[in-house]
Amino acid sequence: MIIIGEKINGSIPSMAKAIAEKDEALIKDLAKKQAGAGASFIDVCASVSEDQEAETLKWLIGLVESVTDIPIAIDSPSVNVIAQVIPLCKKCGLINSVSMEGNKVDTIFPIIANTRWECICLLSDDTGIPKSAADRLRVFGNLMKKAAGYKITPARLHIDPLIEMLCTSEDGIAKVTDTMREVKRQFPEIHITGGASNISFNLPMRKFINRAFIILAMEAGLDSAILDPLNKELLALVYATEALLGKDEMCLEYIGAYREGLFGEIVK
């Protein structure tokens with residue numbers, strides 16, 4: 001599983017406070033802990049006003065890169081801010097994110113076309129969030145035409161099928177998992193990602209919904225996710241599910257994670 005560590009995000013109250021107070025020690029500590037827990041990318045989201053965002057992201061990225069060489073996921077709703085920040089990173093990482101809305105793809109794809117940058121792509125367009133799997137796949141088709149035009153290979157893309165609240169869904173997660181399976185069928189080398197915790201908004205005991213969703217989504221093709229790598233129980237489930245799906249030869253990754261202590265105290 002490609003784990004995109006979610007902890008350095010200004011939409012989290014404790015992180016908003018750390019950003020406002022310029023608490024460098026706390027931010028560096030979270031970066032080191034996520035790297036140590038096996039994060040593939042460290043998501044950095046300022047969640048401040050757009051006129052301050054690029055400068056804040058520059059500061060945050062500098063802090064993260066001073067303590068780990070794990071690549072950055074630049075997280076912003078503004079593609080113009082992302083475009084400003086890309087050159088500030090020491091190494092190629094992950095863009096979070098673009099969609100087929102407006103000029104988002106045509107702003108970012110030319111910048112990353114001849115690089116090793118990867119990109120999260122949301123399956124929405126100027127019509128909004130598609131209501132059916134068929135409509136999401138229509139957006140996906142248009143997106144892949146754009147990627148091909150810029151010579152961006154499927155392996156560099158992380159497709160977000162748009163995970164929505166379970167409590168307002170009429171068909172559980174079928175719309176999302178149907179989309180995942182078809183995306184993987186068309187492009188086996190592509191990645192499928194998403195904010196897993198979106199599924200449990202407005203529900204009690206959210207952690208159980210989140211964990212069940214991760215397992216079912218991994219069976220449907222999810223191989224990348226924005227989650228908390230410091231959540232030992234969730235991490236253990238991810239390794240266990242990969243082993244059960246035959247994606248971990250001889251369970252070596254599972255055994256290795258256990259021996260390295262990534263499952264923490266939950267094993268006792």
# chains A, B, ... in the order shown; residues from 1 in each chain; ligands from 1
>>> residues_around(residues="segment 115-129 of chain A", least_positions_apart="2", cutoff="7 Å", atoms="only C-alpha atoms", output="short mmCIF file (atom, residue, chain, number, x, y, z; two decimals) with N, CA and C atoms, in the first residue's frame")
data_model
loop_
_atom_site.label_atom_id
_atom_site.label_comp_id
_atom_site.auth_asym_id
_atom_site.auth_seq_id
_atom_site.Cartn_x
_atom_site.Cartn_y
_atom_site.Cartn_z
N CYS A 92 11.16 14.82 -6.58
CA CYS A 92 9.82 14.64 -7.12
C CYS A 92 8.96 13.88 -6.12
N GLY A 93 7.71 14.33 -5.96
CA GLY A 93 6.79 13.70 -5.04
C GLY A 93 5.43 13.49 -5.67
N LEU A 94 4.41 13.97 -4.98
CA LEU A 94 3.03 13.71 -5.39
C LEU A 94 2.23 15.01 -5.35
N ILE A 95 1.43 15.26 -6.39
CA ILE A 95 0.53 16.41 -6.42
C ILE A 95 -0.82 15.99 -5.87
N ASN A 96 -1.36 16.74 -4.93
CA ASN A 96 -2.66 16.46 -4.34
C ASN A 96 -3.52 17.73 -4.35
N SER A 97 -4.25 17.98 -5.43
CA SER A 97 -4.60 17.09 -6.52
C SER A 97 -5.09 17.94 -7.70
N VAL A 98 -5.45 17.25 -8.79
CA VAL A 98 -6.10 17.92 -9.92
C VAL A 98 -7.42 17.21 -10.19
N SER A 99 -8.22 17.80 -11.06
CA SER A 99 -9.44 17.17 -11.54
C SER A 99 -9.69 17.71 -12.94
N MET A 100 -10.79 17.33 -13.54
CA MET A 100 -11.15 17.83 -14.86
C MET A 100 -11.95 19.13 -14.77
N GLU A 101 -11.96 19.74 -13.61
CA GLU A 101 -12.63 21.03 -13.44
C GLU A 101 -11.74 22.15 -13.98
N GLY A 102 -12.35 23.06 -14.73
CA GLY A 102 -11.63 24.23 -15.22
C GLY A 102 -10.33 23.88 -15.91
N ILE A 112 4.54 18.79 -14.89
CA ILE A 112 5.10 17.51 -14.43
C ILE A 112 5.33 16.52 -15.57
N ALA A 113 5.00 16.91 -16.80
CA ALA A 113 5.03 15.97 -17.93
C ALA A 113 6.35 15.24 -18.08
N LYS A 131 -22.79 11.45 -10.19
CA LYS A 131 -23.69 10.72 -9.30
C LYS A 131 -23.64 9.21 -9.48
N ARG A 136 -18.57 8.72 -13.49
CA ARG A 136 -17.20 8.87 -13.01
C ARG A 136 -16.22 8.25 -14.00
N VAL A 139 -15.62 10.66 -16.84
CA VAL A 139 -14.61 11.64 -16.48
C VAL A 139 -13.21 11.00 -16.54
N PHE A 140 -13.12 9.77 -16.07
CA PHE A 140 -11.84 9.05 -16.10
C PHE A 140 -11.33 8.92 -17.53
N ARG A 156 1.99 6.79 -13.01
CA ARG A 156 2.27 8.02 -12.24
C ARG A 156 0.99 8.66 -11.72
N LEU A 157 -0.14 8.06 -12.00
CA LEU A 157 -1.42 8.64 -11.59
C LEU A 157 -2.06 7.86 -10.45
N HIS A 158 -2.66 8.59 -9.53
CA HIS A 158 -3.41 8.01 -8.41
C HIS A 158 -4.86 8.50 -8.58
N ILE A 159 -5.73 7.61 -8.99
CA ILE A 159 -7.11 8.00 -9.28
C ILE A 159 -7.96 7.97 -8.01
N ASP A 160 -8.58 9.10 -7.72
CA ASP A 160 -9.48 9.21 -6.56
C ASP A 160 -10.91 9.13 -7.08
N PRO A 161 -11.62 8.02 -6.80
CA PRO A 161 -12.98 7.85 -7.32
C PRO A 161 -14.02 8.67 -6.56
N LEU A 162 -13.58 9.45 -5.59
CA LEU A 162 -14.42 10.34 -4.79
C LEU A 162 -15.24 9.54 -3.76
#
>>> residues_around(residues="Asn80 of chain A", least_positions_apart="5", cutoff="12 Å", atoms="only C-alpha atoms", output="number ranges by chain")
A: 50-51, 53-54, 74-75, 85-86, 97-98, 103-108, 111
>>> write_last_selection(atoms="N, CA and C atoms", output="PDB file, in the first residue's frame")
ATOM      1  N   GLU A  50      -5.363  31.794   0.492  1.00  0.00           N
ATOM      2  CA  GLU A  50      -4.525  31.555  -0.684  1.00  0.00           C
ATOM      3  C   GLU A  50      -3.374  32.551  -0.792  1.00  0.00           C
ATOM      4  N   ASP A  51      -3.550  33.764  -0.323  1.00  0.00           N
ATOM      5  CA  ASP A  51      -2.472  34.749  -0.419  1.00  0.00           C
ATOM      6  C   ASP A  51      -1.292  34.415   0.501  1.00  0.00           C
ATOM      7  N   GLU A  53      -0.732  30.988   1.279  1.00  0.00           N
ATOM      8  CA  GLU A  53      -0.557  29.536   1.186  1.00  0.00           C
ATOM      9  C   GLU A  53       0.808  29.120   0.644  1.00  0.00           C
ATOM     10  N   ALA A  54       1.248  29.722  -0.445  1.00  0.00           N
ATOM     11  CA  ALA A  54       2.517  29.304  -1.045  1.00  0.00           C
ATOM     12  C   ALA A  54       3.677  29.496  -0.065  1.00  0.00           C
ATOM     13  N   ILE A  74       2.253  17.571  -2.181  1.00  0.00           N
ATOM     14  CA  ILE A  74       1.814  18.965  -2.095  1.00  0.00           C
ATOM     15  C   ILE A  74       0.295  18.993  -2.151  1.00  0.00           C
ATOM     16  N   ASP A  75      -0.323  19.449  -1.072  1.00  0.00           N
ATOM     17  CA  ASP A  75      -1.778  19.370  -0.930  1.00  0.00           C
ATOM     18  C   ASP A  75      -2.367  20.781  -0.899  1.00  0.00           C
ATOM     19  N   VAL A  85       4.782  25.957  -5.883  1.00  0.00           N
ATOM     20  CA  VAL A  85       5.510  25.214  -4.854  1.00  0.00           C
ATOM     21  C   VAL A  85       6.328  24.056  -5.419  1.00  0.00           C
ATOM     22  N   ILE A  86       5.922  23.494  -6.533  1.00  0.00           N
ATOM     23  CA  ILE A  86       6.619  22.340  -7.115  1.00  0.00           C
ATOM     24  C   ILE A  86       8.141  22.547  -7.183  1.00  0.00           C
ATOM     25  N   SER A  97      -4.250  17.980  -5.427  1.00  0.00           N
ATOM     26  CA  SER A  97      -4.605  17.094  -6.517  1.00  0.00           C
ATOM     27  C   SER A  97      -5.088  17.940  -7.698  1.00  0.00           C
ATOM     28  N   VAL A  98      -5.449  17.255  -8.793  1.00  0.00           N
ATOM     29  CA  VAL A  98      -6.103  17.915  -9.920  1.00  0.00           C
ATOM     30  C   VAL A  98      -7.425  17.209 -10.193  1.00  0.00           C
ATOM     31  N   ASN A 103      -9.258  24.610 -15.531  1.00  0.00           N
ATOM     32  CA  ASN A 103      -7.952  24.418 -16.168  1.00  0.00           C
ATOM     33  C   ASN A 103      -6.972  23.651 -15.292  1.00  0.00           C
ATOM     34  N   LYS A 104      -7.486  22.916 -14.301  1.00  0.00           N
ATOM     35  CA  LYS A 104      -6.596  22.284 -13.324  1.00  0.00           C
ATOM     36  C   LYS A 104      -5.599  21.331 -13.970  1.00  0.00           C
ATOM     37  N   VAL A 105      -6.094  20.396 -14.785  1.00  0.00           N
ATOM     38  CA  VAL A 105      -5.200  19.443 -15.445  1.00  0.00           C
ATOM     39  C   VAL A 105      -4.229  20.165 -16.375  1.00  0.00           C
ATOM     40  N   ASP A 106      -4.735  21.124 -17.139  1.00  0.00           N
ATOM     41  CA  ASP A 106      -3.879  21.809 -18.109  1.00  0.00           C
ATOM     42  C   ASP A 106      -2.908  22.786 -17.463  1.00  0.00           C
ATOM     43  N   THR A 107      -3.066  23.044 -16.182  1.00  0.00           N
ATOM     44  CA  THR A 107      -2.074  23.833 -15.445  1.00  0.00           C
ATOM     45  C   THR A 107      -0.953  22.943 -14.916  1.00  0.00           C
ATOM     46  N   ILE A 108      -1.312  21.804 -14.352  1.00  0.00           N
ATOM     47  CA  ILE A 108      -0.330  20.949 -13.679  1.00  0.00           C
ATOM     48  C   ILE A 108       0.337  19.946 -14.612  1.00  0.00           C
ATOM     49  N   ILE A 111       3.549  20.937 -16.368  1.00  0.00           N
ATOM     50  CA  ILE A 111       4.687  21.154 -15.462  1.00  0.00           C
ATOM     51  C   ILE A 111       5.350  19.832 -15.087  1.00  0.00           C
TER      52      ILE A 111
END
>>> residues_around(residues="Ile2 of chain A", least_positions_apart="3", cutoff="7 Å", atoms="only C-alpha atoms", output="list in words")
Ser40, Asp223, Ser224 and Ala225 of chain A
>>> atom_distance(atom1="atom CA of Val183 of chain A", atom2="atom CA of Leu143 of chain A")
11.7 Å
>>> select_by_dssp(residues="segment 75-265 of chain A", states="strand (DSSP E or B)", output="ChimeraX atom specification")
/A:75,94-100,118-125,128,157-160,191-192,195,224-227
>>> write_last_selection(atoms="N, CA and C atoms", output="short mmCIF file (atom, residue, chain, number, x, y, z; two decimals), in the first residue's frame")
data_model
loop_
_atom_site.label_atom_id
_atom_site.label_comp_id
_atom_site.auth_asym_id
_atom_site.auth_seq_id
_atom_site.Cartn_x
_atom_site.Cartn_y
_atom_site.Cartn_z
N ASP A 75 -0.32 19.45 -1.07
CA ASP A 75 -1.78 19.37 -0.93
C ASP A 75 -2.37 20.78 -0.90
N LEU A 94 4.41 13.97 -4.98
CA LEU A 94 3.03 13.71 -5.39
C LEU A 94 2.23 15.01 -5.35
N ILE A 95 1.43 15.26 -6.39
CA ILE A 95 0.53 16.41 -6.42
C ILE A 95 -0.82 15.99 -5.87
N ASN A 96 -1.36 16.74 -4.93
CA ASN A 96 -2.66 16.46 -4.34
C ASN A 96 -3.52 17.73 -4.35
N SER A 97 -4.25 17.98 -5.43
CA SER A 97 -4.60 17.09 -6.52
C SER A 97 -5.09 17.94 -7.70
N VAL A 98 -5.45 17.25 -8.79
CA VAL A 98 -6.10 17.92 -9.92
C VAL A 98 -7.42 17.21 -10.19
N SER A 99 -8.22 17.80 -11.06
CA SER A 99 -9.44 17.17 -11.54
C SER A 99 -9.69 17.71 -12.94
N MET A 100 -10.79 17.33 -13.54
CA MET A 100 -11.15 17.83 -14.86
C MET A 100 -11.95 19.13 -14.77
N GLU A 118 4.33 12.38 -9.42
CA GLU A 118 3.08 11.64 -9.53
C GLU A 118 1.93 12.58 -9.18
N CYS A 119 0.70 12.16 -9.48
CA CYS A 119 -0.42 13.09 -9.32
C CYS A 119 -1.70 12.36 -8.94
N ILE A 120 -2.39 12.88 -7.92
CA ILE A 120 -3.73 12.41 -7.57
C ILE A 120 -4.73 13.12 -8.47
N CYS A 121 -5.63 12.37 -9.06
CA CYS A 121 -6.63 12.92 -9.98
C CYS A 121 -8.03 12.56 -9.50
N LEU A 122 -8.83 13.58 -9.20
CA LEU A 122 -10.20 13.38 -8.75
C LEU A 122 -11.11 13.19 -9.95
N LEU A 123 -12.06 12.28 -9.83
CA LEU A 123 -12.98 12.02 -10.96
C LEU A 123 -14.19 12.95 -10.91
N SER A 124 -13.91 14.25 -10.99
CA SER A 124 -14.96 15.25 -11.09
C SER A 124 -14.61 16.21 -12.22
N ASP A 125 -15.60 16.91 -12.72
CA ASP A 125 -15.37 17.87 -13.81
C ASP A 125 -16.27 19.08 -13.59
N GLY A 128 -19.56 18.91 -11.72
CA GLY A 128 -19.56 18.60 -10.30
C GLY A 128 -19.13 17.17 -10.03
N LEU A 157 -0.14 8.06 -12.00
CA LEU A 157 -1.42 8.64 -11.59
C LEU A 157 -2.06 7.86 -10.45
N HIS A 158 -2.66 8.59 -9.53
CA HIS A 158 -3.41 8.01 -8.41
C HIS A 158 -4.86 8.50 -8.58
N ILE A 159 -5.73 7.61 -8.99
CA ILE A 159 -7.11 8.00 -9.28
C ILE A 159 -7.96 7.97 -8.01
N ASP A 160 -8.58 9.10 -7.72
CA ASP A 160 -9.48 9.21 -6.56
C ASP A 160 -10.91 9.13 -7.08
N HIS A 191 -2.69 3.66 -10.10
CA HIS A 191 -2.96 3.59 -8.66
C HIS A 191 -4.37 4.12 -8.37
N ILE A 192 -4.96 3.61 -7.32
CA ILE A 192 -6.27 4.10 -6.87
C ILE A 192 -6.12 4.55 -5.42
N GLY A 195 -9.29 9.65 0.28
CA GLY A 195 -9.33 9.96 1.70
C GLY A 195 -10.27 8.99 2.39
N SER A 224 -3.41 2.85 -2.67
CA SER A 224 -2.83 4.12 -2.25
C SER A 224 -3.90 4.80 -1.40
N ALA A 225 -3.51 5.39 -0.28
CA ALA A 225 -4.53 6.02 0.56
C ALA A 225 -3.93 7.11 1.42
N ILE A 226 -4.73 8.16 1.64
CA ILE A 226 -4.36 9.23 2.54
C ILE A 226 -4.87 8.82 3.92
N LEU A 227 -3.94 8.47 4.80
CA LEU A 227 -4.36 7.98 6.12
C LEU A 227 -3.28 8.29 7.15
#
>>> closest_residue(among="A:Trp59, A:Cys89, A:Ile82, A:Asn9", to="Lys22 of chain A", atoms="only C-alpha atoms")
A:Trp59
>>> atom_distance(atom1="atom CA of Glu249 of chain A", atom2="atom CA of Val176 of chain A")
27.7 Å
>>> atom_distance(atom1="atom CA of Cys45 of chain A", atom2="atom CA of Val64 of chain A")
11.9 Å
>>> residues_around(residues="Met165 of chain A", least_positions_apart="4", cutoff="8 Å", atoms="only C-alpha atoms", output="short mmCIF file (atom, residue, chain, number, x, y, z; two decimals) with C-alpha atoms, in the first residue's frame")
data_model
loop_
_atom_site.label_atom_id
_atom_site.label_comp_id
_atom_site.auth_asym_id
_atom_site.auth_seq_id
_atom_site.Cartn_x
_atom_site.Cartn_y
_atom_site.Cartn_z
CA SER A 169 -25.43 6.60 0.09
CA ASN A 198 -14.54 10.49 4.22
CA ILE A 199 -16.69 7.36 4.26
CA SER A 200 -17.56 7.67 7.96
CA PHE A 201 -18.55 11.34 8.30
CA ASN A 202 -21.54 11.85 10.63
#
>>> closest_residue(among="A:Pro77, A:Gly256, A:Pro229, A:Gly261", to="Ala31 of chain A", atoms="only C-alpha atoms")
A:Pro229
>>> closest_residue(among="A:Ile72, A:Leu60, A:Ala196, A:Leu30", to="Ile173 of chain A", atoms="only C-alpha atoms")
A:Ala196
>>> closest_residue(among="A:Glu65, A:Glu189, A:Asp178, A:Asp248", to="Ala217 of chain A", atoms="only C-alpha atoms")
A:Asp178
>>> select_by_dssp(residues="segment 99-224 of chain A", states="alpha helix (DSSP H)", output="ChimeraX atom specification")
/A:104-112,133-149,174-186,206-220
>>> write_last_selection(atoms="C-alpha atoms", output="short mmCIF file (atom, residue, chain, number, x, y, z; two decimals), in the first residue's frame")
data_model
loop_
_atom_site.label_atom_id
_atom_site.label_comp_id
_atom_site.auth_asym_id
_atom_site.auth_seq_id
_atom_site.Cartn_x
_atom_site.Cartn_y
_atom_site.Cartn_z
CA LYS A 104 -6.60 22.28 -13.32
CA VAL A 105 -5.20 19.44 -15.44
CA ASP A 106 -3.88 21.81 -18.11
CA THR A 107 -2.07 23.83 -15.45
CA ILE A 108 -0.33 20.95 -13.68
CA PHE A 109 0.18 18.26 -16.32
CA PRO A 110 2.51 20.38 -18.52
CA ILE A 111 4.69 21.15 -15.46
CA ILE A 112 5.10 17.51 -14.43
CA ALA A 133 -20.08 4.99 -11.51
CA ALA A 134 -20.73 5.34 -15.24
CA ASP A 135 -20.37 9.13 -15.06
CA ARG A 136 -17.20 8.87 -13.01
CA LEU A 137 -15.76 6.52 -15.61
CA ARG A 138 -16.71 9.04 -18.31
CA VAL A 139 -14.61 11.64 -16.48
CA PHE A 140 -11.84 9.05 -16.10
CA GLY A 141 -11.80 8.47 -19.86
CA ASN A 142 -11.41 12.18 -20.54
CA LEU A 143 -8.69 12.42 -17.90
CA MET A 144 -6.67 9.61 -19.44
CA LYS A 145 -6.85 11.26 -22.85
CA LYS A 146 -5.31 14.37 -21.28
CA ALA A 147 -2.60 12.29 -19.58
CA ALA A 148 -1.77 10.55 -22.85
CA GLY A 149 -1.53 13.93 -24.58
CA ALA A 174 -20.87 -0.05 -4.67
CA LYS A 175 -20.52 3.13 -6.73
CA VAL A 176 -16.96 3.60 -5.51
CA THR A 177 -15.85 -0.02 -5.73
CA ASP A 178 -17.41 -0.48 -9.19
CA THR A 179 -15.43 2.54 -10.36
CA MET A 180 -12.23 1.20 -8.80
CA ARG A 181 -12.55 -2.20 -10.44
CA GLU A 182 -13.17 -0.78 -13.90
CA VAL A 183 -10.30 1.71 -13.61
CA LYS A 184 -7.95 -1.15 -12.66
CA ARG A 185 -9.33 -3.34 -15.44
CA GLN A 186 -8.53 -0.69 -18.04
CA ARG A 206 -16.02 6.09 12.81
CA LYS A 207 -12.90 3.95 13.14
CA PHE A 208 -14.85 0.74 12.50
CA ILE A 209 -16.40 2.07 9.30
CA ASN A 210 -13.02 3.36 8.14
CA ARG A 211 -11.28 0.03 8.76
CA ALA A 212 -13.98 -2.05 7.10
CA PHE A 213 -13.93 0.29 4.12
CA ILE A 214 -10.15 0.06 3.72
CA ILE A 215 -10.33 -3.74 3.57
CA LEU A 216 -13.20 -3.81 1.05
CA ALA A 217 -11.65 -1.06 -1.06
CA MET A 218 -8.29 -2.83 -1.18
CA GLU A 219 -10.06 -5.89 -2.56
CA ALA A 220 -11.54 -3.62 -5.27
#
>>> residues_around(residues="Lys17 of chain A", least_positions_apart="3", cutoff="12 Å", atoms="only C-alpha atoms", output="NGL selection string")
:A and (8-14 or 20-24 or 26-27 or 46-48)
>>> residues_around(residues="Leu235 of chain A", least_positions_apart="5", cutoff="8 Å", atoms="only C-alpha atoms", output="mmCIF file with C-alpha atoms, in the first residue's frame")
data_model
loop_
_atom_site.group_PDB
_atom_site.id
_atom_site.type_symbol
_atom_site.label_atom_id
_atom_site.label_comp_id
_atom_site.auth_asym_id
_atom_site.auth_seq_id
_atom_site.Cartn_x
_atom_site.Cartn_y
_atom_site.Cartn_z
ATOM 1 C CA PRO A 229 0.426 5.934 9.449
ATOM 2 C CA LEU A 230 0.672 6.325 13.223
ATOM 3 C CA LEU A 262 5.091 -1.048 13.177
ATOM 4 C CA PHE A 263 2.117 -2.742 14.826
#
>>> closest_residue(among="A:Ile190, A:Leu222, A:Ala39, A:Leu57", to="Leu245 of chain A", atoms="only C-alpha atoms")
A:Leu222
>>> decode(residues="segment 230-255 of chain A", atoms="N, CA and C atoms", output="PDB file, in the first residue's frame")
ATOM      1  N   LEU A 230       0.402   6.545  11.806  1.00  0.00           N
ATOM      2  CA  LEU A 230       0.672   6.325  13.223  1.00  0.00           C
ATOM      3  C   LEU A 230      -0.436   5.526  13.895  1.00  0.00           C
ATOM      4  N   ASN A 231      -1.503   5.236  13.141  1.00  0.00           N
ATOM      5  CA  ASN A 231      -2.594   4.399  13.650  1.00  0.00           C
ATOM      6  C   ASN A 231      -2.186   2.943  13.486  1.00  0.00           C
ATOM      7  N   LYS A 232      -1.674   2.341  14.551  1.00  0.00           N
ATOM      8  CA  LYS A 232      -1.084   1.011  14.483  1.00  0.00           C
ATOM      9  C   LYS A 232      -2.106  -0.060  14.073  1.00  0.00           C
ATOM     10  N   GLU A 233      -3.315   0.038  14.600  1.00  0.00           N
ATOM     11  CA  GLU A 233      -4.329  -0.966  14.283  1.00  0.00           C
ATOM     12  C   GLU A 233      -4.689  -0.919  12.800  1.00  0.00           C
ATOM     13  N   LEU A 234      -4.856   0.290  12.260  1.00  0.00           N
ATOM     14  CA  LEU A 234      -5.181   0.430  10.843  1.00  0.00           C
ATOM     15  C   LEU A 234      -4.032  -0.075   9.977  1.00  0.00           C
ATOM     16  N   LEU A 235      -2.802   0.262  10.364  1.00  0.00           N
ATOM     17  CA  LEU A 235      -1.635  -0.177   9.603  1.00  0.00           C
ATOM     18  C   LEU A 235      -1.538  -1.700   9.586  1.00  0.00           C
ATOM     19  N   ALA A 236      -1.816  -2.332  10.721  1.00  0.00           N
ATOM     20  CA  ALA A 236      -1.780  -3.793  10.787  1.00  0.00           C
ATOM     21  C   ALA A 236      -2.811  -4.403   9.855  1.00  0.00           C
ATOM     22  N   LEU A 237      -3.992  -3.802   9.787  1.00  0.00           N
ATOM     23  CA  LEU A 237      -5.032  -4.296   8.881  1.00  0.00           C
ATOM     24  C   LEU A 237      -4.620  -4.161   7.422  1.00  0.00           C
ATOM     25  N   VAL A 238      -3.942  -3.079   7.094  1.00  0.00           N
ATOM     26  CA  VAL A 238      -3.473  -2.884   5.716  1.00  0.00           C
ATOM     27  C   VAL A 238      -2.486  -3.987   5.327  1.00  0.00           C
ATOM     28  N   TYR A 239      -1.501  -4.253   6.189  1.00  0.00           N
ATOM     29  CA  TYR A 239      -0.521  -5.309   5.900  1.00  0.00           C
ATOM     30  C   TYR A 239      -1.198  -6.679   5.828  1.00  0.00           C
ATOM     31  N   ALA A 240      -2.139  -6.930   6.736  1.00  0.00           N
ATOM     32  CA  ALA A 240      -2.836  -8.218   6.744  1.00  0.00           C
ATOM     33  C   ALA A 240      -3.666  -8.404   5.481  1.00  0.00           C
ATOM     34  N   THR A 241      -4.339  -7.344   5.045  1.00  0.00           N
ATOM     35  CA  THR A 241      -5.181  -7.433   3.848  1.00  0.00           C
ATOM     36  C   THR A 241      -4.335  -7.678   2.604  1.00  0.00           C
ATOM     37  N   GLU A 242      -3.190  -7.004   2.507  1.00  0.00           N
ATOM     38  CA  GLU A 242      -2.306  -7.239   1.362  1.00  0.00           C
ATOM     39  C   GLU A 242      -1.859  -8.700   1.320  1.00  0.00           C
ATOM     40  N   ALA A 243      -1.554  -9.255   2.476  1.00  0.00           N
ATOM     41  CA  ALA A 243      -1.150 -10.660   2.518  1.00  0.00           C
ATOM     42  C   ALA A 243      -2.292 -11.567   2.065  1.00  0.00           C
ATOM     43  N   LEU A 244      -3.497 -11.296   2.531  1.00  0.00           N
ATOM     44  CA  LEU A 244      -4.659 -12.125   2.181  1.00  0.00           C
ATOM     45  C   LEU A 244      -5.022 -12.009   0.702  1.00  0.00           C
ATOM     46  N   LEU A 245      -4.718 -10.868   0.094  1.00  0.00           N
ATOM     47  CA  LEU A 245      -5.014 -10.660  -1.324  1.00  0.00           C
ATOM     48  C   LEU A 245      -3.906 -11.202  -2.234  1.00  0.00           C
ATOM     49  N   GLY A 246      -2.891 -11.809  -1.652  1.00  0.00           N
ATOM     50  CA  GLY A 246      -1.806 -12.379  -2.444  1.00  0.00           C
ATOM     51  C   GLY A 246      -0.829 -11.356  -2.971  1.00  0.00           C
ATOM     52  N   LYS A 247      -0.785 -10.167  -2.330  1.00  0.00           N
ATOM     53  CA  LYS A 247       0.114  -9.106  -2.767  1.00  0.00           C
ATOM     54  C   LYS A 247       1.371  -9.030  -1.909  1.00  0.00           C
ATOM     55  N   ASP A 248       1.556 -10.008  -1.065  1.00  0.00           N
ATOM     56  CA  ASP A 248       2.700 -10.035  -0.154  1.00  0.00           C
ATOM     57  C   ASP A 248       3.252 -11.459  -0.153  1.00  0.00           C
ATOM     58  N   GLU A 249       4.231 -11.686  -1.038  1.00  0.00           N
ATOM     59  CA  GLU A 249       4.767 -13.033  -1.222  1.00  0.00           C
ATOM     60  C   GLU A 249       5.309 -13.602   0.084  1.00  0.00           C
ATOM     61  N   MET A 250       4.794 -14.791   0.429  1.00  0.00           N
ATOM     62  CA  MET A 250       5.214 -15.502   1.637  1.00  0.00           C
ATOM     63  C   MET A 250       4.988 -14.665   2.906  1.00  0.00           C
ATOM     64  N   CYS A 251       4.128 -13.635   2.817  1.00  0.00           N
ATOM     65  CA  CYS A 251       3.813 -12.757   3.964  1.00  0.00           C
ATOM     66  C   CYS A 251       5.053 -12.049   4.501  1.00  0.00           C
ATOM     67  N   LEU A 252       6.040 -11.818   3.634  1.00  0.00           N
ATOM     68  CA  LEU A 252       7.298 -11.243   4.103  1.00  0.00           C
ATOM     69  C   LEU A 252       7.137  -9.805   4.579  1.00  0.00           C
ATOM     70  N   GLU A 253       6.295  -9.025   3.884  1.00  0.00           N
ATOM     71  CA  GLU A 253       6.092  -7.636   4.303  1.00  0.00           C
ATOM     72  C   GLU A 253       5.380  -7.582   5.649  1.00  0.00           C
ATOM     73  N   TYR A 254       4.389  -8.445   5.819  1.00  0.00           N
ATOM     74  CA  TYR A 254       3.641  -8.501   7.079  1.00  0.00           C
ATOM     75  C   TYR A 254       4.579  -8.865   8.238  1.00  0.00           C
ATOM     76  N   ILE A 255       5.387  -9.907   8.020  1.00  0.00           N
ATOM     77  CA  ILE A 255       6.312 -10.353   9.061  1.00  0.00           C
ATOM     78  C   ILE A 255       7.352  -9.267   9.358  1.00  0.00           C
TER      79      ILE A 255
END
